[in-house]
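So this one's work.txt, compact mmCIF, C-alpha atoms:
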# COMPACT_ATOMS: atom_id res chain seq x y z
CA ALA A 14 67.62 110.62 37.57
CA TRP A 15 67.45 111.39 41.27
CA ARG A 16 67.05 108.43 43.56
CA PRO A 17 66.25 108.65 47.26
CA THR A 18 68.91 107.48 49.72
CA PRO A 19 68.02 104.10 51.18
CA HIS A 20 66.71 104.50 54.70
CA VAL A 21 68.65 102.72 57.42
CA PRO A 22 66.56 101.99 60.50
CA PRO A 23 68.03 103.79 63.53
CA PHE A 24 68.33 100.59 65.50
CA ALA A 25 69.57 98.34 62.73
CA PRO A 26 72.62 96.32 63.92
CA ASN A 27 74.84 97.34 60.99
CA GLY A 28 73.97 101.03 61.27
CA ARG A 29 74.54 101.00 65.02
CA ARG A 30 77.97 99.36 64.68
CA LYS A 31 78.97 101.86 62.00
CA ARG A 32 77.91 104.81 64.13
CA ARG A 33 79.80 103.45 67.15
CA LYS A 34 82.92 102.92 65.10
CA LYS A 35 82.62 106.40 63.61
CA ASP A 36 82.07 107.93 67.05
CA LYS A 37 85.14 106.18 68.45
CA LYS A 38 87.29 107.38 65.56
CA GLU A 39 86.00 110.92 65.97
CA LEU A 40 86.62 110.85 69.73
CA LYS A 41 90.14 109.55 69.24
CA ARG A 42 90.84 112.19 66.58
CA ARG A 43 89.59 114.95 68.85
CA PHE A 44 91.64 113.68 71.78
CA GLN A 45 94.80 113.44 69.69
CA LYS A 46 94.23 116.96 68.41
CA ALA A 47 93.64 118.31 71.90
CA ARG A 48 96.65 116.46 73.27
CA GLU A 49 98.89 118.43 70.95
CA GLY A 50 97.82 121.60 72.74
CA TRP A 51 100.18 122.86 75.41
CA MET A 52 97.58 123.12 78.16
CA VAL A 53 96.36 119.56 77.79
CA ALA A 54 99.87 118.14 77.52
CA ALA A 55 101.04 120.15 80.52
CA GLY A 56 98.06 119.07 82.58
CA LEU A 57 98.54 115.37 81.81
CA ASP A 58 102.26 115.64 82.47
CA ALA A 59 101.58 117.27 85.84
CA CYS A 60 99.07 114.55 86.77
CA ALA A 61 101.58 111.80 85.96
CA ALA A 62 104.27 113.60 87.97
CA SER A 63 101.99 114.13 90.96
CA ALA A 64 100.89 110.49 91.02
CA ALA A 65 104.46 109.18 90.77
CA ALA A 66 105.61 111.56 93.51
CA ALA A 67 102.76 110.53 95.80
CA LEU A 68 103.75 106.88 95.38
CA VAL A 69 107.40 107.28 96.44
CA SER A 70 107.31 110.28 98.81
CA PRO A 71 106.26 108.47 102.03
CA ILE A 72 109.32 106.22 102.22
CA ILE A 73 111.63 108.98 100.97
CA ALA A 74 110.40 111.31 103.72
CA VAL A 75 111.05 108.63 106.34
CA ILE A 76 114.59 108.00 105.03
CA ASP A 77 115.42 111.72 104.75
CA VAL A 78 114.37 112.48 108.32
CA ALA A 79 116.21 109.41 109.65
CA VAL A 80 119.43 110.36 107.81
CA VAL A 81 119.36 113.92 109.19
CA GLU A 82 118.64 112.71 112.73
CA ASN A 83 121.47 110.20 112.49
CA ALA A 84 123.94 112.82 111.24
CA SER A 85 122.95 115.21 114.04
CA GLY A 86 123.23 112.50 116.71
CA LEU A 87 119.56 112.70 117.66
CA ARG A 88 118.75 109.09 116.77
CA LYS A 89 120.53 106.16 115.11
CA LEU A 90 119.72 105.57 111.44
CA GLY A 91 117.89 102.26 111.92
CA GLU A 92 116.03 103.54 114.97
CA GLY A 93 114.98 106.67 113.11
CA MET A 94 113.62 104.77 110.12
CA LYS A 95 111.72 102.41 112.41
CA HIS A 96 110.36 105.28 114.53
CA HIS A 97 109.14 107.44 111.64
CA GLY A 98 107.92 104.43 109.68
CA LYS A 99 105.69 103.45 112.62
CA LYS A 100 104.43 107.02 112.91
CA ALA A 101 103.47 106.99 109.22
CA LEU A 102 101.61 103.68 109.57
CA ASN A 103 99.89 104.46 112.87
CA SER A 104 98.81 108.01 111.96
CA PRO A 105 98.65 108.24 108.14
CA SER A 106 96.46 111.35 108.11
CA LYS A 107 98.88 113.19 110.38
CA PHE A 108 101.86 111.96 108.36
CA PHE A 109 100.44 112.97 104.97
CA THR A 110 99.67 116.46 106.27
CA SER A 111 103.09 116.83 107.91
CA ARG A 112 105.62 119.36 106.71
CA GLU A 113 108.24 116.72 105.89
CA PHE A 114 105.94 114.67 103.61
CA GLN A 115 104.59 117.72 101.82
CA ALA A 116 108.11 119.07 101.24
CA VAL A 117 109.27 115.77 99.72
CA TRP A 118 106.13 115.37 97.59
CA ALA A 119 106.38 118.92 96.25
CA LEU A 120 110.07 118.42 95.43
CA TYR A 121 109.58 115.30 93.32
CA ALA A 122 106.27 116.32 91.77
CA ALA A 123 107.94 119.51 90.51
CA THR A 124 111.04 117.64 89.32
CA TYR A 125 109.08 114.96 87.44
CA ALA A 126 106.71 117.55 85.96
CA THR A 127 109.59 119.68 84.68
CA ALA A 128 111.15 116.65 82.98
CA ASN A 129 107.77 115.70 81.47
CA TRP A 130 107.13 119.20 80.14
CA LEU A 131 110.52 119.33 78.43
CA ASP A 132 109.92 115.87 76.93
CA SER A 133 106.52 117.01 75.63
CA TYR A 134 108.06 120.14 74.15
CA SER A 135 110.73 118.07 72.45
CA ARG A 136 108.12 115.67 71.06
CA LEU A 137 105.67 118.29 69.82
CA LYS A 138 108.34 120.56 68.34
CA HIS A 139 110.54 117.70 67.06
CA THR A 140 113.62 119.18 68.72
CA ASP A 141 116.33 117.90 71.05
CA ALA A 142 115.70 119.24 74.57
CA HIS A 143 118.35 117.07 76.23
CA LEU A 144 120.42 119.96 77.59
CA ALA A 145 117.39 122.08 78.45
CA LYS A 146 115.92 119.16 80.39
CA PHE A 147 119.08 118.75 82.44
CA VAL A 148 119.34 122.47 83.20
CA ALA A 149 115.64 122.88 84.07
CA THR A 150 115.33 119.79 86.27
CA THR A 151 118.59 120.65 88.02
CA LEU A 152 117.47 124.21 88.78
CA VAL A 153 114.07 123.07 90.08
CA ASN A 154 115.55 120.28 92.16
CA LEU A 155 118.32 122.53 93.49
CA GLN A 156 115.96 125.24 94.64
CA MET A 157 113.38 122.98 96.25
CA GLY A 158 115.83 120.29 97.40
CA ILE A 159 118.12 122.68 99.22
CA SER A 160 115.13 124.42 100.83
CA LYS A 161 113.88 121.02 101.99
CA ASP A 162 117.28 119.96 103.34
CA HIS A 163 117.73 123.33 105.03
CA ALA A 164 114.37 122.91 106.79
CA PHE A 165 115.04 119.28 107.74
CA THR A 166 118.48 120.10 109.13
CA GLN A 167 116.98 122.76 111.38
CA MET A 168 113.86 120.76 112.31
CA PHE A 169 115.68 117.57 113.31
CA SER A 170 118.94 118.93 114.71
CA VAL A 171 120.15 118.86 118.31
CA VAL A 172 121.48 122.42 118.11
CA ALA A 173 119.52 125.66 118.19
CA PRO A 174 118.54 126.96 114.72
CA HIS A 175 121.15 129.32 113.24
CA PRO A 176 122.01 130.71 109.77
CA PHE A 177 122.85 128.11 107.15
CA PRO A 178 126.56 128.37 106.17
CA LEU A 179 127.45 129.00 102.53
CA LYS A 180 129.59 125.84 102.58
CA CYS A 181 126.43 123.80 103.21
CA TYR A 182 124.67 125.41 100.26
CA ALA A 183 127.69 124.73 98.03
CA LEU A 184 127.89 121.06 99.06
CA PHE A 185 124.14 120.52 98.59
CA THR A 186 124.34 122.21 95.17
CA LEU A 187 127.18 119.99 93.98
CA ARG A 188 125.41 116.92 95.38
CA ASP A 189 122.18 117.69 93.51
CA CYS A 190 123.93 118.55 90.23
CA ILE A 191 125.55 115.11 90.19
CA THR A 192 122.29 113.40 91.16
CA MET A 193 120.27 115.23 88.49
CA GLY A 194 122.82 114.45 85.80
CA ALA A 195 122.77 110.78 86.75
CA SER A 196 118.98 110.65 86.95
CA PHE A 197 117.92 112.51 83.80
CA SER A 198 120.84 113.16 81.46
CA TRP A 199 123.12 110.13 81.74
CA THR A 200 120.47 107.42 81.75
CA GLN A 201 119.94 107.47 77.96
CA ASP A 202 123.68 107.25 77.27
CA ALA A 203 123.96 104.38 79.74
CA SER A 204 120.99 102.63 78.11
CA ASP A 205 122.58 102.99 74.66
CA TRP A 206 125.84 101.55 75.99
CA LEU A 207 124.05 98.57 77.55
CA GLN A 208 122.26 97.90 74.26
CA ASN A 209 125.31 98.28 72.01
CA VAL A 210 127.98 96.67 74.19
CA LEU A 211 126.11 94.12 76.31
CA GLY A 212 123.33 93.40 73.83
CA MET A 213 120.41 94.20 76.17
CA ASN A 214 117.01 94.85 74.68
CA VAL A 215 115.65 98.40 74.86
CA SER A 216 113.21 97.96 77.76
CA LYS A 217 115.70 96.09 79.95
CA ALA A 218 118.49 98.58 79.21
CA ASP A 219 116.22 101.55 79.96
CA LEU A 220 115.11 100.05 83.27
CA THR A 221 118.66 99.12 84.29
CA SER A 222 120.02 102.58 83.53
CA GLN A 223 117.09 104.34 85.21
CA LEU A 224 117.62 102.35 88.40
CA GLY A 225 121.42 102.10 88.28
CA CYS A 226 122.68 105.58 87.39
CA PRO A 227 121.06 107.47 90.29
CA SER A 228 122.07 104.77 92.75
CA ILE A 229 125.72 104.72 91.67
CA SER A 230 125.91 108.51 91.94
CA GLN A 231 125.26 108.26 95.69
CA LEU A 232 128.66 106.66 96.23
CA PHE A 233 130.10 110.10 95.41
CA THR A 234 127.43 112.42 96.78
CA THR A 235 126.92 110.90 100.24
CA PRO A 236 130.14 112.46 101.67
CA MET A 237 128.92 115.87 100.46
CA HIS A 238 125.61 115.40 102.22
CA LEU A 239 127.25 114.27 105.46
CA LEU A 240 129.74 117.14 105.41
CA ALA A 241 127.00 119.72 104.89
CA VAL A 242 124.92 118.42 107.81
CA ASP A 243 128.01 118.15 110.06
CA ILE A 244 129.14 121.70 109.24
CA TYR A 245 125.74 122.97 110.36
CA ASN A 246 125.58 120.82 113.50
CA ARG A 247 129.24 121.18 114.57
CA PRO A 248 130.64 124.42 113.14
CA MET A 249 133.79 124.38 115.31
CA VAL A 250 135.02 120.85 114.55
CA SER A 251 138.41 120.43 112.83
CA ASN A 252 138.80 119.00 109.32
CA ARG A 253 140.18 115.79 110.79
CA GLY A 254 137.09 115.48 112.98
CA ARG A 255 134.84 115.91 109.96
CA LEU A 256 136.72 113.26 107.99
CA LEU A 257 136.40 110.82 110.89
CA PHE A 258 132.66 111.59 111.08
CA VAL A 259 132.17 110.97 107.34
CA LYS A 260 134.20 107.76 107.52
CA LYS A 261 132.07 106.49 110.41
CA GLU A 262 128.68 107.37 108.91
CA TYR A 263 129.46 106.73 105.24
CA PRO A 264 128.52 103.01 104.92
CA GLY A 265 125.09 103.15 106.55
CA THR A 266 124.16 106.53 105.11
CA THR A 267 125.24 105.47 101.62
CA VAL A 268 123.02 102.39 101.76
CA ALA A 269 120.08 104.53 102.91
CA ARG A 270 120.67 107.18 100.24
CA VAL A 271 121.13 104.59 97.49
CA GLY A 272 117.76 103.14 98.47
CA ARG A 273 116.24 106.61 98.69
CA VAL A 274 117.49 107.82 95.31
CA GLY A 275 116.76 104.44 93.75
CA ILE A 276 113.16 104.89 94.88
CA ALA A 277 112.96 108.57 93.89
CA PHE A 278 114.58 108.50 90.46
CA GLY A 279 114.50 104.77 89.81
CA ILE A 280 111.05 103.54 90.78
CA GLY A 281 109.51 107.02 90.73
CA GLY A 282 111.11 107.79 87.38
CA VAL A 283 109.93 104.50 85.89
CA VAL A 284 106.35 105.00 87.14
CA ASN A 285 106.35 108.56 85.84
CA LYS A 286 107.51 107.42 82.39
CA MET A 287 104.97 104.58 82.34
CA LEU A 288 102.12 106.99 83.09
CA VAL A 289 103.31 109.40 80.40
CA LYS A 290 103.60 106.60 77.84
CA ALA A 291 100.17 105.30 78.83
CA TYR A 292 98.30 108.50 78.00
CA ASN A 293 100.47 109.19 74.95
CA SER A 294 99.46 105.82 73.52
CA ILE A 295 95.72 106.52 73.77
Written as structure tokens, that's how I'd like the structure from this file.
Amino acid sequence: AWRPTPHVPPFAPNGRRKRRKKDKKELKRRFQKAREGWMVAAGLDACAASAAAALVSPIIAVIDVAVVENASGLRKLGEGMKHHGKKALNSPSKFFTSREFQAVWALYAATYATANWLDSYSRLKHTDAHLAKFVATTLVNLQMGISKDHAFTQMFSVVAPHPFPLKCYALFTLRDCITMGASFSWTQDASDWLQNVLGMNVSKADLTSQLGCPSISQLFTTPMHLLAVDIYNRPMVSNRGRLLFVKKEYPGTTVARVGRVGIAFGIGGVVNKMLVKAYNSI
């Protein structure tokens, strides 16, 4: 025989708790389903990349300008960092709308976003995008990084602007290929080695490799950077003169670039990954 369904008062405590629990489950299910869509994943990845880039770009912009000014002879490295750091603190609105900050932010936002998109593709499609990630991030960073360095070299040089030599492009390209490999492709191998050989736990090994690999790479890439800037600023200098210049500027510039890349691909990379993991865990 048919029996009517017992009526639950709309404001009964048990009914209200059940509806809230059901609503939360439904909301979470809908979010997880939407997250699997490319547009949502791409948008969240871009937001994480933009936020991480905004965090590290101010100090990177200050270091980049100071290094170029030092290499061109316009201002000593320490003086340049102090000068541009004060400008950023005294006039933040002017600094954040400056060409140098915007160029650095765009460079790292695009680089982080490209890495995030390839990671999302790999996760959603259950494929290995290790090589594709290296190629894509390298191409993006090369294009935007060389454009940024080209502009900085002309903006903060003591010589009149002139065409950028092909040697400079070649040196910047080799520099960025090594940096990208150390920052995105070699970190996982280094983390695995630290876990298997030194017995580090996963989180500590990941953090150590993310901070260490990009920084170590600067020991090899700093001479390339110095040579490229010197070729532009002093096109008629002999090879011996260039070697003496690199030898003189190598220690201080290496320290600055280690700090810069450590911030960009160490701290910035860690923050970017943390943000991505945070929304993936929702």
Sort by chain and increasing residue number a table of all residues of stretch 74-162 of chain A within 12 Å of stretch 246-252 of chain A, each with its closest pair of atoms and their distance in Å to one decimal, counting all atoms listed in the file, and write it as JSON lines.
{"residue": "A:Val81", "atom": "CA", "partner": "A:Asn246", "partner_atom": "CA", "distance": 10.2}
{"residue": "A:Glu82", "atom": "CA", "partner": "A:Asn246", "partner_atom": "CA", "distance": 10.7}
{"residue": "A:Asn83", "atom": "CA", "partner": "A:Asn246", "partner_atom": "CA", "distance": 11.4}
{"residue": "A:Ala84", "atom": "CA", "partner": "A:Asn246", "partner_atom": "CA", "distance": 8.5}
{"residue": "A:Ser85", "atom": "CA", "partner": "A:Asn246", "partner_atom": "CA", "distance": 6.2}
{"residue": "A:Gly86", "atom": "CA", "partner": "A:Asn246", "partner_atom": "CA", "distance": 9.2}
{"residue": "A:Leu87", "atom": "CA", "partner": "A:Asn246", "partner_atom": "CA", "distance": 10.9}
Legend entry - From A:Phe108, A:Leu152, A:Ser294, A:Ala203, residue lying nearest A:Lys41 [all atoms listed in the file]: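 Using all atoms listed in the file, A:Lys41 sits closest to A:Ser294.
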Legend entry - Length of the atom CA of A:Lys146 to atom CA of A:Ala164 vector [Å]: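 Computed distance, atom CA of A:Lys146 to atom CA of A:Ala164, equals 26.7 Å.
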Legend entry - Among the residues A:Ile276, A:Lys161, A:Ser111, A:His238, the one that comes closest to A:Glu262 [using all atoms listed in the file]: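 Of A:Ile276, A:Lys161, A:Ser111, A:His238, the one nearest A:Glu262, counting all atoms listed in the file, is A:His238.
Closest approach to A:Ser63 among A:Asn285, A:Ser196, A:Thr151, A:Gln201: A:Asn285, based on all atoms listed in the file.
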Legend entry - Separation of atom CA of A:Ala218 from atom CA of A:Asn129 in Å: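 Atom-to-atom, atom CA of A:Asn129 and atom CA of A:Ala218 are spaced 20.3 Å apart.
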